[in-house]
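Trainee: Have a look at this one before I ask anything.
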There are 2 protein chains.
Amino acid sequence: MAEAAVSIREVAALAGVSVGTVSNVLNRPDIVAGPTRDRVQAAIKQLGFIRNESARQLRAGRSRTIGLVVLDVANPFFTDVARGVEDEASESGLAVILCNSDDQQGKETHYLELLEEHRVQGILITPVTAAGERLARLQQRGTPVVLVDSRAPSQGQCSVAVDDVLGGELAVSRLLGDGHERIAFVGGPASIRQVADRHEGAVRALRQAGRSETGLHVVATPALNVAAGKRAAAEIAQLPPPRRPTAVFCANDLLAMGVLQEMTARRIRVPESISIIGYDDIEFAAAAAVPLSSVRQPRQLLGRTAAQLLLDEALGAGTHRHRQVMFEPELVIRQSSGPPRKPGPAAETPAVG
Amino acid sequence: MAEAAVSIREVAALAGVSVGTVSNVLNRPDIVAGPTRDRVQAAIKQLGFIRNESARQLRAGRSRTIGLVVLDVANPFFTDVARGVEDEASESGLAVILCNSDDQQGKETHYLELLEEHRVQGILITPVTAAGERLARLQQRGTPVVLVDSRAPSQGQCSVAVDDVLGGELAVSRLLGDGHERIAFVGGPASIRQVADRHEGAVRALRQAGRSETGLHVVATPALNVAAGKRAAAEIAQLPPPRRPTAVFCANDLLAMGVLQEMTARRIRVPESISIIGYDDIEFAAAAAVPLSSVRQPRQLLGRTAAQLLLDEALGAGTHRHRQVMFEPELVIRQSSGPPRKPGPAAETPAVG
DNA sequence: GGTCGTTCGTGGAACGTTTCAAATATGACA
DNA sequence: TGTCATATTTGAAACGTTCCACGAACGACC
C-alpha cells in the first residue's frame with residue numbers, strides 16, 4: 001500500500017529539469033520562466049509530490065515549529081492561551097507542538113529535551129517551578145525561551161504575565177467595599193507562584209483598608225481543582241455562622257466552582273449567606289448556576305503576545321530586545337458576590353433557583 | 001549568544017573516535033566497548049551535544065511524531081481524548097502534534113498537509129465532515145489514518161467510536177422508565193453525525209416503548225455550546241406547563257449546562273419541574289450546581305485506543321489488520337434527573353439549594 | 001561578428017544522522 | 001608463530017532539501 005515517497009529528484013526527471021529548478025519553483029516561483037514552471041508544477045501534481053519537511057529543516061538548521069509547554073491541558077485557562085499561541089504562530093506559517101508537563105518536573109524535562117532535539121524555533125513555557133537555570137542554558141545554546149504567566153527573573157529573558165497581586169487586591173478590595181468583615185482565602189499549594197501572589201494581593205487590600213492582615217482566614221488546598229474546592233467549602237461551612245466568613249476569594253475558578261457547589265449542597269445561599277469570587281474567568285464560570293464573579297485574565301492575548309515576543313526573538317534579525325510584559329487583570333462581578341445580608345428569612349434575590 | 005550547534009562530528013573528534021562510533025554509543029551502547037563508551041559520553045557532556053532530530057528523521061524516512069486533529073481544543077471532551085493519545089504515544093517515545101481544525105474545512109486541509117510534510121507516523125482525526133476521499137488518499141500515500149469518534153466508512157481504515165445511537169437510547173429509555181411523558185431533544189446542527197445518532201437513539205427508545213416518535217419535541221440548536229443551550233431552554237420554558245416537556249435530553253453537556261442555567265434563572269426547578277440529561281459526562285457536569293445526569297463516554301480510553309491502533313499500523317511489521325472499534329456509553333444518573341413530580345408546593349428533594 | 005547584459009538553468013556541495021560492509025584489534029588455540 | 005573466530009571500530013554512502021557559483025542562451029548594440 002505505502003508507495004515509495006516521491007522526491008524532488010523524480011519530479012525533476014519527469015519535468016526534464018534539474019533538481020535546483022524544482023526547488024526554485026517551490027520556493028521562488030517568480031525567478032523561473034513561465035513554461036518551465038508550468039511543466040514542473042504539472043509533474044508535481046502528477047506524481048503527488050509532498051515536500052519533506054525533515055530535509056528542509058536539516059538544511060535550514062531550524063524547524064518550522066515552536067514548542068508550548070503548559071501545566072495542564074485540561075484547564076480551560078491553558079487551552080485559551082494555547083489558542084492565542086496557535087493563531088499567532090500559524091500567521092507565520094509555524095506549527096505548535098503542545099506539551100503537557102502535568103505539573104511534573106520529570107515530564108517537563110523530558111519535553112524540553114524533545115523540543116531542543118527538534119530544533120524548534122523557540123519555546124513558550126509555564127515552568128513547574130522557577131526553572132531559571134535550566135531555561136537559561138537552553139537559551140544560551142540558541143533556543144529562545146519566553147516565560148508564560150510568570151515573570152522572568154532577569155532581564156535576559158522575555159516573559160508575559162498578568163499581575164496576580166493586583167488581581168488579588170481587586171477581588172478583596174471589592175469584598176471589603178461591599179461591607180464584608182470576615183473574608184476567607186482558598187488556595188494552594190502556596191509554592192505555586194500564582195497562588196502566593198494572589199494571596200499577597202488579598203493581604204495588601206486588607207492593609208490598605210486599615211485592617212489587620214490576620215483577618216484573612218486562609219484555607220489551604222492541596223490542588224487547584226473542583227474537588228479541593230469542595231473540601232475547603234466543607235471546612236468553612238462547619239464554622240458557626242457568627243464566625244463563618246461571609247465571603248470567599250478563591251485562587252482559581254475551579255476551586256470557586258467547588259466551593260459554590262458544596263455551599264449550595266449544604267443550603268448555604270450564594271451570595272446571600274456567602275459571597276464567592278473566583279479567578280481566571282473561564283467560560284464555565286459564567287455558566288455556573290450562580291454565575292461566578294471572577295478576576296478575568298486576558299488569556300488569548302497572553303498567548304498571542306508570548307508568541308509574538310518569541311517570534312521577534314527567533315526571526316527578528318538580531319534587533320530583539322527582551323521585554324517583560326505585564327497585563328492587568330479585570331474584576332468581573334456577576335451574581336455570586338454582593339453585600340452581606342443579615343441572616344433571616346430568604347432574601348428577595350433568588351439564591352440558586 | 002547562539003553558539004554554533006555541536007554535531008556528532010565534533011563529539012567524535014574530541015573523543016578520538018569515528019562518527020559511526022558516536023552514533024553507536026547513542027543508539028546501541030551495548031555494542032561499544034566500555035572505555036570507548038565512557039570517553040564518548042564524556043565528550044557529549046562536555047560539548048553539550050544535542051541530537052538533531054531532523055537529521056534522524058531524514059535518515060529514517062519518518063518522524064517520531066503523530067498528528068492529532070480535533071474539532072475544538074477548548075471542549076473538555078477533546079482535551080481528555082488528547083490526554084489519552086499523549087499517554088499512549090509517549091510510551092512509544094513519540095511526540096504529538098495537536099491541531100485544532102476549529103470545525104473549518106480549510107484549517108483541516110491545511111493541517112493535514114502540514115502533517116504529511118512532516119512525515120508523521122500517522123494521523124488521528126475527527127474529521128469536519130465525512131472526508132473519506134481525502135483521507136483515503138493520504139493513507140494510500142503511506143500515512144496511516146485512524147478516525148476518532150467516527151465510524152470508518154469502509155474496512156480500509158481503523159476507527160474508534162462510541163455508540164451514539166445506544167447512548168441516546170439509554171438516556172431516553174431512562175426518562176421513559178421514570179415516567180416522563182413529554183420529552184424534548186435539544187441539539188444541532190443535525191448535519192453533525194454525533195447529533196444525528198443521538199437523536200436517532202432517542203427515537204428508537206420511544207418506539208421500543210410503544211410511543212409515537214412524534215412525541216419527541218425537537219429543539220434544534222445552531223451549535224453545541226452553553227449559549228445555545230440557554231436559548232433552547234428559553235424556548236422550552238415559554239410553553240405552558242401542561243404542554244411543557246418534563247424532561248430534556250441534550251446532545252452534549254455544554255448544551256445541558258446552558259439549559260440548566262436558564263431553567264434555574266427562570267425558577268423552574270431541576271429536577272422537580274424538569275429533568276435534564278446531558279451527554280459526554282465532562283468533568284464540569286458533575287460540578288454543576290445541580291450535578292448533571294449524563295451519558296458517559298470513555299474519553300481517555302477512546303484516545304488511547306485510537307493511538308494504539310495507529311501505532312500498530314505504523315510500527316507493526318505488516319501484520320496490521322484494520323479494525324472498527326465501538327465502545328458502549330454508560331448512563332450516569334445524578335441529581336438533574338428523576339421521576340416527574342406533580343406541580344405543587346416545593347418537593348422535599350432540594351432543587352438546587 | 002565580437003562584446004556585454006540579462007535571464008534561466010545546472011550541478012554539486014552541504015546539512016547531521018544512521019547503516020553496513022570492510023578493516024582492524026584481540027585472544028584462544030594448535 | 002601462525003590461524004581463525006570474535007569483538008570492536010572505521011569510512012563512506014545514503015536520506016531530500018536548499019543554496020550558490022557558474023555556464024548557456026539570447027538579444028542588443030557598436
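Chains: A, B, ... in order of the C-alpha cells. Residues: from 1 per chain. Ligands: from 1, in order shown.
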Just want the 10 Å neighbourhood of C:DT19, counted on only C-alpha atoms (C1' of nucleotides), with same-chain residues fewer than 3 positions away dropped. Output as a list in words.
Mentor: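 Surrounding residues, per the criterion: Gly20, Ser23 and Arg59 of chain B; DA13 and DA14 of chain D.
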Trainee: For chain B, list the residues within 10 Å of chain C, counting only C-alpha atoms (C1' of nucleotides), and write the list as a PyMOL selection string.
Mentor: chain B and resi 6-9+19-20+23-24+27+51-60
Trainee: Could the residues of chain D that have an atom at most 7 Å from chain A be listed as a Markdown table, each with its closest atom pair and the distance in Å to one decimal, counting only C-alpha atoms (C1' of nucleotides) and ordered by chain and ascending residue number?
Mentor:
```
| residue | atom | partner | partner_atom | distance |
| --- | --- | --- | --- | --- |
| D:DG16 | C1' | A:Ala55 | CA | 5.2 |
| D:DT17 | C1' | A:Ala55 | CA | 4.9 |
| D:DT18 | C1' | A:Arg59 | CA | 6.4 |
```
Trainee: Residues as selected, N, CA and C atoms (P, O5', C5', C4', C3', O3' and C1' of nucleotides), written as a short mmCIF file (atom, residue, chain, number, x, y, z; two decimals), in the first residue's frame, can you do that?
Mentor:
```cif
data_model
loop_
_atom_site.label_atom_id
_atom_site.label_comp_id
_atom_site.auth_asym_id
_atom_site.auth_seq_id
_atom_site.Cartn_x
_atom_site.Cartn_y
_atom_site.Cartn_z
P DG D 16 14.68 10.16 -0.13
"O5'" DG D 16 14.58 11.75 -0.04
"C5'" DG D 16 13.82 12.30 1.01
"C4'" DG D 16 14.00 13.79 0.99
"C3'" DG D 16 13.70 14.43 -0.37
"O3'" DG D 16 12.90 15.57 -0.14
"C1'" DG D 16 15.85 15.05 0.36
P DT D 17 12.26 16.41 -1.32
"O5'" DT D 17 12.52 17.88 -0.79
"C5'" DT D 17 13.69 18.52 -1.13
"C4'" DT D 17 14.15 19.34 0.02
"C3'" DT D 17 14.53 20.73 -0.42
"O3'" DT D 17 13.68 21.68 0.19
"C1'" DT D 17 16.41 19.57 0.53
P DT D 18 13.61 23.10 -0.52
"O5'" DT D 18 15.04 23.76 -0.21
"C5'" DT D 18 15.34 24.14 1.10
"C4'" DT D 18 16.73 24.72 1.13
"C3'" DT D 18 16.89 26.01 0.32
"O3'" DT D 18 17.63 26.90 1.13
"C1'" DT D 18 18.49 24.41 -0.36
#
```
Trainee: Using DSSP on the backbone coordinates, identify the residues of stretch 25-209 of chain B assigned to helix (DSSP H, G or I); present them as a CSV table (one decimal) with N, CA and C atoms, in the first residue's frame.
Mentor:
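Output saved as states.csv:
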```csv
chain,number,residue,atom,x,y,z
B,25,VAL,N,27.2,4.7,20.2
B,25,VAL,CA,27.0,5.0,21.6
B,25,VAL,C,25.6,5.5,21.9
B,26,LEU,N,25.1,6.3,21.0
B,26,LEU,CA,23.8,6.9,21.1
B,26,LEU,C,22.7,5.9,21.0
B,27,ASN,N,22.9,5.0,20.0
B,27,ASN,CA,21.7,4.1,19.7
B,27,ASN,C,21.9,2.6,20.1
B,29,PRO,N,24.4,1.3,22.7
B,29,PRO,CA,25.6,1.5,23.6
B,29,PRO,C,26.2,0.1,23.9
B,30,ASP,N,25.4,-0.9,23.9
B,30,ASP,CA,25.9,-2.2,24.3
B,30,ASP,C,26.9,-2.8,23.4
B,31,ILE,N,26.9,-2.4,22.1
B,31,ILE,CA,27.9,-3.0,21.2
B,31,ILE,C,29.2,-2.2,21.2
B,34,GLY,N,33.4,-0.7,26.7
B,34,GLY,CA,33.2,0.2,27.9
B,34,GLY,C,34.0,1.5,27.9
B,35,PRO,N,35.3,1.4,27.8
B,35,PRO,CA,36.1,2.6,27.9
B,35,PRO,C,35.8,3.6,26.8
B,36,THR,N,35.6,3.1,25.5
B,36,THR,CA,35.3,3.9,24.4
B,36,THR,C,34.0,4.7,24.7
B,37,ARG,N,33.0,3.9,25.2
B,37,ARG,CA,31.7,4.5,25.5
B,37,ARG,C,31.8,5.6,26.5
B,38,ASP,N,32.6,5.4,27.5
B,38,ASP,CA,32.8,6.4,28.6
B,38,ASP,C,33.4,7.7,28.0
B,39,ARG,N,34.4,7.5,27.1
B,39,ARG,CA,35.1,8.6,26.5
B,39,ARG,C,34.1,9.4,25.7
B,40,VAL,N,33.3,8.7,24.9
B,40,VAL,CA,32.3,9.4,24.0
B,40,VAL,C,31.3,10.1,24.9
B,41,GLN,N,30.8,9.5,25.9
B,41,GLN,CA,29.8,10.1,26.8
B,41,GLN,C,30.3,11.4,27.4
B,42,ALA,N,31.6,11.3,27.8
B,42,ALA,CA,32.2,12.5,28.4
B,42,ALA,C,32.3,13.6,27.5
B,43,ALA,N,32.6,13.3,26.2
B,43,ALA,CA,32.7,14.3,25.2
B,43,ALA,C,31.3,14.9,24.9
B,44,ILE,N,30.3,14.1,24.9
B,44,ILE,CA,29.0,14.6,24.7
B,44,ILE,C,28.6,15.6,25.8
B,45,LYS,N,28.9,15.2,27.0
B,45,LYS,CA,28.6,16.1,28.1
B,45,LYS,C,29.4,17.4,28.0
B,46,GLN,N,30.6,17.2,27.8
B,46,GLN,CA,31.5,18.4,27.8
B,46,GLN,C,31.1,19.4,26.7
B,47,LEU,N,30.7,18.9,25.5
B,47,LEU,CA,30.3,19.8,24.5
B,47,LEU,C,28.8,20.3,24.5
B,53,GLU,N,17.2,16.0,15.6
B,53,GLU,CA,16.1,15.2,15.3
B,53,GLU,C,15.7,15.2,13.8
B,54,SER,N,15.9,16.4,13.2
B,54,SER,CA,15.6,16.5,11.7
B,54,SER,C,16.5,15.5,11.0
B,55,ALA,N,17.7,15.5,11.3
B,55,ALA,CA,18.7,14.6,10.6
B,55,ALA,C,18.3,13.1,10.8
B,56,ARG,N,17.9,12.8,12.0
B,56,ARG,CA,17.5,11.4,12.2
B,56,ARG,C,16.3,11.1,11.4
B,57,GLN,N,15.3,12.0,11.4
B,57,GLN,CA,14.1,11.8,10.6
B,57,GLN,C,14.4,11.6,9.2
B,58,LEU,N,15.3,12.5,8.7
B,58,LEU,CA,15.5,12.4,7.2
B,58,LEU,C,16.1,11.0,6.9
B,59,ARG,N,17.0,10.6,7.7
B,59,ARG,CA,17.6,9.3,7.5
B,59,ARG,C,16.6,8.2,7.6
B,60,ALA,N,15.7,8.3,8.6
B,60,ALA,CA,14.8,7.2,8.9
B,60,ALA,C,13.6,7.3,7.9
B,76,PRO,N,-13.7,20.2,26.6
B,76,PRO,CA,-13.1,19.2,27.5
B,76,PRO,C,-13.1,17.8,27.0
B,77,PHE,N,-14.1,17.5,26.2
B,77,PHE,CA,-14.2,16.1,25.6
B,77,PHE,C,-12.9,15.8,24.8
B,78,PHE,N,-12.5,16.8,24.0
B,78,PHE,CA,-11.3,16.6,23.2
B,78,PHE,C,-10.0,16.7,24.0
B,79,THR,N,-10.0,17.5,25.0
B,79,THR,CA,-8.7,17.5,25.8
B,79,THR,C,-8.5,16.2,26.5
B,80,ASP,N,-9.6,15.6,26.9
B,80,ASP,CA,-9.5,14.3,27.5
B,80,ASP,C,-9.0,13.2,26.5
B,81,VAL,N,-9.6,13.3,25.3
B,81,VAL,CA,-9.1,12.3,24.3
B,81,VAL,C,-7.6,12.6,24.0
B,82,ALA,N,-7.3,13.8,24.0
B,82,ALA,CA,-5.9,14.2,23.7
B,82,ALA,C,-4.9,13.6,24.7
B,83,ARG,N,-5.4,13.7,25.9
B,83,ARG,CA,-4.7,13.1,27.1
B,83,ARG,C,-4.4,11.7,26.9
B,84,GLY,N,-5.4,10.9,26.5
B,84,GLY,CA,-5.2,9.5,26.3
B,84,GLY,C,-4.2,9.2,25.1
B,85,VAL,N,-4.3,10.0,24.1
B,85,VAL,CA,-3.4,9.8,23.0
B,85,VAL,C,-2.0,10.1,23.4
B,86,GLU,N,-1.8,11.2,24.1
B,86,GLU,CA,-0.5,11.5,24.5
B,86,GLU,C,0.1,10.5,25.4
B,87,ASP,N,-0.6,10.0,26.4
B,87,ASP,CA,-0.1,8.9,27.3
B,87,ASP,C,0.4,7.7,26.4
B,88,GLU,N,-0.4,7.3,25.5
B,88,GLU,CA,0.0,6.2,24.7
B,88,GLU,C,1.2,6.4,23.8
B,89,ALA,N,1.2,7.6,23.2
B,89,ALA,CA,2.3,8.0,22.3
B,89,ALA,C,3.6,8.0,23.1
B,90,SER,N,3.5,8.7,24.2
B,90,SER,CA,4.8,8.9,24.9
B,90,SER,C,5.4,7.6,25.4
B,91,GLU,N,4.5,6.6,25.6
B,91,GLU,CA,5.1,5.3,25.9
B,91,GLU,C,5.9,4.7,24.8
B,105,GLN,N,-13.2,23.4,7.4
B,105,GLN,CA,-12.6,22.6,6.3
B,105,GLN,C,-11.2,23.1,6.0
B,106,GLY,N,-11.1,24.4,5.8
B,106,GLY,CA,-9.9,25.0,5.3
B,106,GLY,C,-8.7,24.7,6.3
B,107,LYS,N,-9.0,24.9,7.6
B,107,LYS,CA,-7.9,24.7,8.6
B,107,LYS,C,-7.6,23.2,8.6
B,108,GLU,N,-8.6,22.4,8.5
B,108,GLU,CA,-8.3,20.9,8.5
B,108,GLU,C,-7.4,20.5,7.3
B,109,THR,N,-7.7,21.0,6.2
B,109,THR,CA,-6.9,20.7,5.0
B,109,THR,C,-5.4,21.2,5.2
B,110,HIS,N,-5.3,22.4,5.7
B,110,HIS,CA,-4.0,23.0,5.9
B,110,HIS,C,-3.2,22.1,6.9
B,111,TYR,N,-3.8,21.7,8.0
B,111,TYR,CA,-3.1,20.9,8.9
B,111,TYR,C,-2.7,19.5,8.4
B,112,LEU,N,-3.6,18.9,7.6
B,112,LEU,CA,-3.3,17.6,7.0
B,112,LEU,C,-2.1,17.7,6.1
B,113,GLU,N,-2.0,18.8,5.4
B,113,GLU,CA,-0.8,19.0,4.5
B,113,GLU,C,0.4,19.1,5.4
B,114,LEU,N,0.3,19.9,6.4
B,114,LEU,CA,1.4,20.1,7.3
B,114,LEU,C,1.9,18.8,7.9
B,115,LEU,N,1.0,18.0,8.3
B,115,LEU,CA,1.4,16.8,9.0
B,115,LEU,C,2.0,15.8,8.0
B,116,GLU,N,1.5,15.8,6.8
B,116,GLU,CA,2.0,14.9,5.8
B,116,GLU,C,3.5,15.4,5.4
B,117,GLU,N,3.7,16.7,5.3
B,117,GLU,CA,5.0,17.2,5.0
B,117,GLU,C,6.0,16.8,6.1
B,132,GLY,N,-13.8,11.2,3.6
B,132,GLY,CA,-13.3,9.9,3.3
B,132,GLY,C,-12.3,9.9,2.1
B,133,GLU,N,-12.7,10.6,1.1
B,133,GLU,CA,-11.9,10.7,-0.1
B,133,GLU,C,-10.4,11.1,0.2
B,134,ARG,N,-10.4,12.3,0.8
B,134,ARG,CA,-9.1,12.9,1.1
B,134,ARG,C,-8.2,12.0,2.0
B,135,LEU,N,-8.9,11.5,3.0
B,135,LEU,CA,-8.1,10.6,4.0
B,135,LEU,C,-7.6,9.4,3.4
B,136,ALA,N,-8.5,8.8,2.5
B,136,ALA,CA,-8.1,7.6,1.8
B,136,ALA,C,-6.8,7.8,1.0
B,137,ARG,N,-6.7,8.9,0.4
B,137,ARG,CA,-5.6,9.2,-0.5
B,137,ARG,C,-4.3,9.4,0.4
B,138,LEU,N,-4.5,10.0,1.5
B,138,LEU,CA,-3.4,10.2,2.5
B,138,LEU,C,-2.9,8.8,2.8
B,139,GLN,N,-3.8,7.9,3.1
B,139,GLN,CA,-3.4,6.6,3.5
B,139,GLN,C,-2.7,5.8,2.4
B,140,GLN,N,-3.2,6.0,1.2
B,140,GLN,CA,-2.5,5.4,0.0
B,140,GLN,C,-1.1,5.8,-0.1
B,164,ASP,N,-23.2,6.2,19.6
B,164,ASP,CA,-24.1,7.3,20.0
B,164,ASP,C,-25.6,7.0,19.9
B,165,VAL,N,-25.9,6.1,19.0
B,165,VAL,CA,-27.3,5.7,19.0
B,165,VAL,C,-27.7,5.0,20.3
B,166,LEU,N,-26.9,4.1,20.7
B,166,LEU,CA,-27.2,3.5,22.0
B,166,LEU,C,-27.2,4.5,23.2
B,167,GLY,N,-26.3,5.4,23.1
B,167,GLY,CA,-26.3,6.5,24.2
B,167,GLY,C,-27.6,7.2,24.2
B,168,GLY,N,-28.1,7.6,23.1
B,168,GLY,CA,-29.4,8.3,23.1
B,168,GLY,C,-30.5,7.4,23.6
B,169,GLU,N,-30.4,6.2,23.2
B,169,GLU,CA,-31.5,5.2,23.6
B,169,GLU,C,-31.4,5.1,25.1
B,170,LEU,N,-30.3,4.9,25.7
B,170,LEU,CA,-30.1,4.8,27.2
B,170,LEU,C,-30.8,5.9,27.9
B,171,ALA,N,-30.4,7.1,27.5
B,171,ALA,CA,-30.9,8.3,28.1
B,171,ALA,C,-32.4,8.4,28.1
B,172,VAL,N,-33.0,8.2,26.9
B,172,VAL,CA,-34.4,8.4,26.8
B,172,VAL,C,-35.2,7.3,27.4
B,173,SER,N,-34.6,6.1,27.3
B,173,SER,CA,-35.3,4.9,28.0
B,173,SER,C,-35.4,5.2,29.5
B,174,ARG,N,-34.4,5.7,30.0
B,174,ARG,CA,-34.4,6.0,31.4
B,174,ARG,C,-35.5,7.0,31.8
B,175,LEU,N,-35.5,8.1,31.0
B,175,LEU,CA,-36.6,9.1,31.2
B,175,LEU,C,-37.9,8.5,31.1
B,176,LEU,N,-38.2,7.6,30.1
B,176,LEU,CA,-39.5,7.0,29.9
B,176,LEU,C,-39.7,6.1,31.1
B,177,GLY,N,-38.7,5.4,31.5
B,177,GLY,CA,-38.9,4.5,32.7
B,177,GLY,C,-39.2,5.2,33.9
B,193,ARG,N,-22.7,14.2,12.7
B,193,ARG,CA,-23.1,12.8,12.9
B,193,ARG,C,-23.4,12.5,14.3
B,194,GLN,N,-22.7,13.0,15.2
B,194,GLN,CA,-22.9,12.6,16.6
B,194,GLN,C,-24.3,13.1,17.0
B,195,VAL,N,-24.7,14.2,16.6
B,195,VAL,CA,-26.0,14.8,17.0
B,195,VAL,C,-27.1,13.9,16.3
B,196,ALA,N,-27.0,13.6,15.1
B,196,ALA,CA,-28.0,12.8,14.4
B,196,ALA,C,-28.1,11.4,15.0
B,197,ASP,N,-27.0,10.8,15.4
B,197,ASP,CA,-27.1,9.5,16.0
B,197,ASP,C,-27.8,9.5,17.4
B,198,ARG,N,-27.4,10.5,18.2
B,198,ARG,CA,-28.0,10.6,19.5
B,198,ARG,C,-29.5,10.8,19.4
B,199,HIS,N,-29.9,11.6,18.4
B,199,HIS,CA,-31.3,11.8,18.2
B,199,HIS,C,-32.0,10.5,17.7
B,200,GLU,N,-31.3,9.8,16.9
B,200,GLU,CA,-31.9,8.5,16.4
B,200,GLU,C,-32.1,7.6,17.6
B,201,GLY,N,-31.1,7.6,18.5
B,201,GLY,CA,-31.3,6.7,19.6
B,201,GLY,C,-32.5,7.1,20.5
B,202,ALA,N,-32.7,8.4,20.6
B,202,ALA,CA,-33.9,8.8,21.4
B,202,ALA,C,-35.1,8.3,20.7
B,203,VAL,N,-35.2,8.4,19.4
B,203,VAL,CA,-36.4,8.0,18.7
B,203,VAL,C,-36.6,6.5,18.9
B,204,ARG,N,-35.5,5.8,18.8
B,204,ARG,CA,-35.6,4.3,18.9
B,204,ARG,C,-36.1,3.9,20.3
B,205,ALA,N,-35.7,4.6,21.3
B,205,ALA,CA,-36.2,4.4,22.7
B,205,ALA,C,-37.7,4.6,22.7
B,206,LEU,N,-38.2,5.6,22.1
B,206,LEU,CA,-39.6,5.9,22.1
B,206,LEU,C,-40.4,4.7,21.4
B,207,ARG,N,-39.9,4.3,20.3
B,207,ARG,CA,-40.5,3.2,19.5
B,207,ARG,C,-40.6,2.0,20.4
B,208,GLN,N,-39.5,1.7,21.0
B,208,GLN,CA,-39.4,0.4,21.8
B,208,GLN,C,-40.4,0.5,23.0
```
